[in-house]
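Everything below concerns the one structure shown next.
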Amino acid sequence: MILIGLTGGIGSGKSEVARLLTSRGAVLIDADLIVRELQQPAAEVYLKMVELFGPEVVASDKTLDRAAIAKKVFSDSNLLKTLNELIHPIVRRVMNERIDSFRQSDKVVVLDIPLLVENPREGLDGVLVVDLDVDLALERLVEQRNMSVEDAKARIAKQATREQRLAIANHVIDNSGDRIQLEERVEAAWSWIQSLK
């Protein structure tokens with residue numbers, strides 16, 4: 001097994017890179033998807049979040065109101081820290097269980113971890129960082145995800161800096177170009193990953 005950490009700031013195109021890697025045969029273990037699974041009604045993280053925030057974060061269909069939670073945590077850094085301390089150990093445990101299931105294989109396992117700088121992982125064979133200029137990321141968040149400029153800026157400000165991500169990179173995918181350029185850069189990254197065998 002080759003274990004790769006994949007990270008990038010919000011709006012960097014990390015999800016598209018993850019998709020392109022899986023199309024080449026990688027197995028993806030996505031931290032955000034695991035969080036969403038664990039946030040389903042009555043699941044472990046769901047119960048802890050309702051305990052932390054109170055019943056006002058539960059929507060009428062009994063799911064978590066993600067917008068209400070985001071509004072609370074992105075305006076209160078202490079609350080965000082508390083939430084991260086609550087969720088990350090559980091997500092790490094589930095990720096480790098999934099990694100272990102591939103340990104004896106020859107698979108490329110990609111851990112999609114947005115907060116890899118903030119929560120470093122042991123045992124990675126390499127770190128792949130999807131990078132682009134912060135202004136371009138902001139522009140894409142506003143255009144493609146319909147975020148307000150203020151919301152996008154607040155989310156970017158809560159993450160590690162571009163420089164901090166680049167400092168942990170073993171390989172960088174520059175996503176400032178178009179989709180054809182991104183395909184070429186992912187292909188180069190895939191060759192790099194294969195060289196780690």
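Identifiers in this document derive from the order of the structure tokens: chains are assigned A, B, ..., residues are numbered from 1 separately in each chain, and ligands are numbered from 1 in order of occurrence.
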
For the interface of region 11-46 of chain A with region 175-182 of chain A (cut-off 8 Å, counting only C-alpha atoms), please tabulate each contacting residue of region 11-46 of chain A alongside its nearest pair of atoms and their separation in Å to one decimal, rows sorted by chain and increasing number, as a Markdown table.
| residue | atom | partner | partner_atom | distance |
| --- | --- | --- | --- | --- |
| A:Ser12 | CA | A:Asn175 | CA | 6.8 |
| A:Gly13 | CA | A:Asn175 | CA | 6.9 |
| A:Val17 | CA | A:Leu182 | CA | 7.9 |

Please build the interface table for region 52-127 of chain A against region 151-174 of chain A with a cut-off of 8 Å, listing for each qualifying residue the nearest atom pair and the distance in Å to one decimal; count only C-alpha atoms, order rows by chain and increasing number, and write it as CSV.
residue,atom,partner,partner_atom,distance
A:Phe74,CA,A:Ala154,CA,6.9
A:Leu115,CA,A:Gln159,CA,7.4
A:Val117,CA,A:Arg165,CA,6.2
A:Glu118,CA,A:Ala160,CA,6.9
A:Gly126,CA,A:Asn170,CA,5.8
A:Val127,CA,A:Ala169,CA,5.1

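Within the 9 Å cut-off around region 21-29 of chain A, using only C-alpha atoms and omitting residues fewer than 6 positions from it on the same chain, the listed residues are Met95, Arg98, Ile99, Lys107, Val108, Val109, Val110, Leu111, Asp112, Ile113, Val186, Glu187, Ala189 and Trp190 of chain A.
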
Selection to disk with N, CA and C atoms, as a PDB file, in the first residue's frame:
ATOM      1  N   MET A  95     -10.899   6.610  10.047  1.00  0.00           N
ATOM      2  CA  MET A  95      -9.941   6.602   8.931  1.00  0.00           C
ATOM      3  C   MET A  95      -8.932   5.477   9.112  1.00  0.00           C
ATOM      4  N   ARG A  98     -10.270   2.148   8.194  1.00  0.00           N
ATOM      5  CA  ARG A  98     -10.376   1.976   6.733  1.00  0.00           C
ATOM      6  C   ARG A  98      -9.001   1.771   6.103  1.00  0.00           C
ATOM      7  N   ILE A  99      -7.998   2.505   6.583  1.00  0.00           N
ATOM      8  CA  ILE A  99      -6.625   2.319   6.082  1.00  0.00           C
ATOM      9  C   ILE A  99      -6.170   0.892   6.352  1.00  0.00           C
ATOM     10  N   LYS A 107      -2.539  -1.297  -3.199  1.00  0.00           N
ATOM     11  CA  LYS A 107      -3.329  -0.125  -3.602  1.00  0.00           C
ATOM     12  C   LYS A 107      -2.619   1.185  -3.255  1.00  0.00           C
ATOM     13  N   VAL A 108      -2.964   2.225  -4.030  1.00  0.00           N
ATOM     14  CA  VAL A 108      -2.628   3.597  -3.662  1.00  0.00           C
ATOM     15  C   VAL A 108      -3.832   4.102  -2.875  1.00  0.00           C
ATOM     16  N   VAL A 109      -3.618   4.423  -1.609  1.00  0.00           N
ATOM     17  CA  VAL A 109      -4.699   4.913  -0.754  1.00  0.00           C
ATOM     18  C   VAL A 109      -4.469   6.405  -0.520  1.00  0.00           C
ATOM     19  N   VAL A 110      -5.448   7.202  -0.928  1.00  0.00           N
ATOM     20  CA  VAL A 110      -5.346   8.660  -0.808  1.00  0.00           C
ATOM     21  C   VAL A 110      -6.257   9.110   0.331  1.00  0.00           C
ATOM     22  N   LEU A 111      -5.659   9.765   1.311  1.00  0.00           N
ATOM     23  CA  LEU A 111      -6.416  10.342   2.419  1.00  0.00           C
ATOM     24  C   LEU A 111      -6.699  11.798   2.086  1.00  0.00           C
ATOM     25  N   ASP A 112      -7.941  12.102   1.793  1.00  0.00           N
ATOM     26  CA  ASP A 112      -8.347  13.475   1.485  1.00  0.00           C
ATOM     27  C   ASP A 112      -8.624  14.165   2.818  1.00  0.00           C
ATOM     28  N   ILE A 113      -7.668  15.005   3.243  1.00  0.00           N
ATOM     29  CA  ILE A 113      -7.758  15.648   4.560  1.00  0.00           C
ATOM     30  C   ILE A 113      -7.574  17.160   4.395  1.00  0.00           C
ATOM     31  N   VAL A 186      -2.268  16.218 -12.731  1.00  0.00           N
ATOM     32  CA  VAL A 186      -2.642  15.031 -11.950  1.00  0.00           C
ATOM     33  C   VAL A 186      -1.913  13.813 -12.505  1.00  0.00           C
ATOM     34  N   GLU A 187      -1.786  13.737 -13.814  1.00  0.00           N
ATOM     35  CA  GLU A 187      -1.045  12.615 -14.425  1.00  0.00           C
ATOM     36  C   GLU A 187       0.409  12.622 -13.944  1.00  0.00           C
ATOM     37  N   ALA A 189       1.441  13.889 -11.121  1.00  0.00           N
ATOM     38  CA  ALA A 189       1.382  13.505  -9.701  1.00  0.00           C
ATOM     39  C   ALA A 189       1.225  11.988  -9.566  1.00  0.00           C
ATOM     40  N   TRP A 190       0.414  11.384 -10.444  1.00  0.00           N
ATOM     41  CA  TRP A 190       0.206   9.933 -10.419  1.00  0.00           C
ATOM     42  C   TRP A 190       1.526   9.210 -10.696  1.00  0.00           C
TER      43      TRP A 190
END

inquiry  = Taking the DSSP secondary structure from the backbone, can you list the residues of region 12-175 of chain A that are strand (DSSP E), as a PyMOL selection string?
reply    = chain A and resi 27-30+108-112+126-131+171-174

For those residues, write N, CA and C atoms to a file as a tab-separated table (two decimals), in the first residue's frame.
chain	number	residue	atom	x	y	z
A	27	VAL	N	-7.60	4.46	-4.18
A	27	VAL	CA	-8.71	4.29	-3.24
A	27	VAL	C	-8.76	5.58	-2.43
A	28	LEU	N	-9.93	6.20	-2.35
A	28	LEU	CA	-10.06	7.47	-1.64
A	28	LEU	C	-10.71	7.25	-0.28
A	29	ILE	N	-10.07	7.79	0.74
A	29	ILE	CA	-10.66	7.85	2.08
A	29	ILE	C	-10.79	9.33	2.40
A	30	ASP	N	-12.02	9.81	2.38
A	30	ASP	CA	-12.31	11.25	2.44
A	30	ASP	C	-12.76	11.64	3.85
A	108	VAL	N	-2.96	2.22	-4.03
A	108	VAL	CA	-2.63	3.60	-3.66
A	108	VAL	C	-3.83	4.10	-2.87
A	109	VAL	N	-3.62	4.42	-1.61
A	109	VAL	CA	-4.70	4.91	-0.75
A	109	VAL	C	-4.47	6.40	-0.52
A	110	VAL	N	-5.45	7.20	-0.93
A	110	VAL	CA	-5.35	8.66	-0.81
A	110	VAL	C	-6.26	9.11	0.33
A	111	LEU	N	-5.66	9.77	1.31
A	111	LEU	CA	-6.42	10.34	2.42
A	111	LEU	C	-6.70	11.80	2.09
A	112	ASP	N	-7.94	12.10	1.79
A	112	ASP	CA	-8.35	13.48	1.49
A	112	ASP	C	-8.62	14.16	2.82
A	126	GLY	N	3.76	10.15	1.35
A	126	GLY	CA	3.95	11.45	0.71
A	126	GLY	C	2.73	12.33	0.91
A	127	VAL	N	2.94	13.64	0.74
A	127	VAL	CA	1.84	14.61	0.85
A	127	VAL	C	1.72	15.34	-0.48
A	128	LEU	N	0.51	15.33	-1.01
A	128	LEU	CA	0.18	15.98	-2.26
A	128	LEU	C	-0.68	17.20	-1.94
A	129	VAL	N	-0.22	18.38	-2.35
A	129	VAL	CA	-0.94	19.62	-2.06
A	129	VAL	C	-1.47	20.21	-3.36
A	130	VAL	N	-2.78	20.51	-3.37
A	130	VAL	CA	-3.40	21.21	-4.50
A	130	VAL	C	-3.31	22.69	-4.16
A	131	ASP	N	-2.69	23.44	-5.04
A	131	ASP	CA	-2.36	24.84	-4.73
A	131	ASP	C	-2.89	25.79	-5.79
A	171	HIS	N	4.79	16.90	-3.13
A	171	HIS	CA	4.47	17.14	-4.54
A	171	HIS	C	3.33	18.16	-4.57
A	172	VAL	N	3.39	19.10	-5.50
A	172	VAL	CA	2.38	20.16	-5.58
A	172	VAL	C	1.68	20.10	-6.95
A	173	ILE	N	0.36	20.18	-6.91
A	173	ILE	CA	-0.42	20.32	-8.15
A	173	ILE	C	-0.91	21.76	-8.20
A	174	ASP	N	-0.42	22.51	-9.20
A	174	ASP	CA	-0.85	23.89	-9.41
A	174	ASP	C	-2.18	23.84	-10.15

key: Of the listed residues A:Ser101, A:Asn84, A:Gln144, A:Thr7, that which approaches Leu116 (chain A) most closely, counting only C-alpha atoms   =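 Smallest distance to Leu116 (chain A) is found for A:Thr7.
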
key: helix (DSSP H, G or I) call set, DSSP backbone run, chain A, as a PyMOL selection string   = chain A and resi 14-23+31-38+44-53+55-57+66-73+77-100+134-144+149-158+162-167+179-194

ask   = Using only C-alpha atoms, which residue out of A:Lys72, A:Arg145, A:Lys62, A:His88 lies closest to Val45 (chain A)?
value = A:His88

inquiry  = Using Å and a single decimal, report how far CA of Asn96 (chain A) sits from CA of Ala70 (chain A).
reply    =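 About the pair CA of Ala70 (chain A) and CA of Asn96 (chain A): they are 26.5 Å apart.
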
request  = Can you pull out every residue within 8 Å of Val57 (chain A), counting only C-alpha atoms, but drop anything in the same chain fewer than 6 positions away, and send it as a ChimeraX atom specification?
outcome  = /A:50,64-66,68-69

Neighbour list for Lys48 (chain A) as a compact mmCIF listing (two decimals) with N, CA and C atoms, in the first residue's frame, cut-off 12 Å, only C-alpha atoms, skip fewer than 5 positions in-chain:
# COMPACT_ATOMS: atom_id res chain seq x y z
N LEU A 38 -20.73 10.30 10.01
CA LEU A 38 -20.82 10.31 11.47
C LEU A 38 -21.79 11.36 12.00
N GLN A 39 -22.23 12.26 11.10
CA GLN A 39 -23.18 13.30 11.49
C GLN A 39 -24.62 12.93 11.14
N GLN A 40 -24.84 11.73 10.64
CA GLN A 40 -26.21 11.29 10.37
C GLN A 40 -26.96 11.18 11.70
N PRO A 41 -28.28 11.41 11.68
CA PRO A 41 -29.05 11.33 12.93
C PRO A 41 -28.75 10.05 13.72
N ALA A 42 -28.49 10.25 15.01
CA ALA A 42 -28.20 9.19 15.99
C ALA A 42 -26.78 8.63 15.89
N ALA A 43 -25.98 9.07 14.91
CA ALA A 43 -24.59 8.61 14.82
C ALA A 43 -23.75 9.32 15.89
N PHE A 53 -23.92 22.04 20.80
CA PHE A 53 -24.58 23.24 20.29
C PHE A 53 -26.01 23.42 20.78
N GLY A 54 -26.63 22.34 21.21
CA GLY A 54 -28.04 22.43 21.61
C GLY A 54 -28.97 22.07 20.47
N PRO A 55 -30.25 21.92 20.78
CA PRO A 55 -31.23 21.45 19.79
C PRO A 55 -31.47 22.42 18.63
N VAL A 57 -29.52 23.38 16.45
CA VAL A 57 -28.78 23.00 15.24
C VAL A 57 -29.38 21.77 14.56
N LEU A 64 -28.56 17.51 10.94
CA LEU A 64 -27.90 18.71 11.45
C LEU A 64 -28.06 19.84 10.46
N THR A 82 -13.16 23.78 19.92
CA THR A 82 -13.87 22.76 20.70
C THR A 82 -14.49 21.71 19.78
N LEU A 83 -15.11 22.17 18.69
CA LEU A 83 -15.73 21.25 17.74
C LEU A 83 -14.67 20.34 17.11
N ASN A 84 -13.54 20.92 16.71
CA ASN A 84 -12.47 20.12 16.10
C ASN A 84 -11.91 19.09 17.09
N GLU A 85 -11.76 19.49 18.35
CA GLU A 85 -11.25 18.56 19.37
C GLU A 85 -12.24 17.42 19.61
N LEU A 86 -13.49 17.68 19.38
CA LEU A 86 -14.54 16.67 19.54
C LEU A 86 -14.56 15.69 18.36
N ILE A 87 -14.49 16.24 17.16
CA ILE A 87 -14.66 15.43 15.95
C ILE A 87 -13.40 14.70 15.51
N ILE A 90 -12.45 11.03 16.57
CA ILE A 90 -13.40 10.03 16.08
C ILE A 90 -13.14 9.78 14.59

task = Using only C-alpha atoms, find the one residue out of A:Arg19, A:Arg140, A:Lys71, A:Lys81 that sits nearest to Glu183 (chain A).
result =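 For Glu183 (chain A), the nearest of the given residues is A:Arg19.
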
request  = Report the distance between CA of Asp76 (chain A) and CA of Leu47 (chain A) in Å, rounded to one decimal place.
outcome  =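 Between these atoms lies a distance of 20.9 Å.
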
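Across the structure, CA of Glu143 (chain A) and CA of Leu6 (chain A) are spaced 24.0 Å apart.
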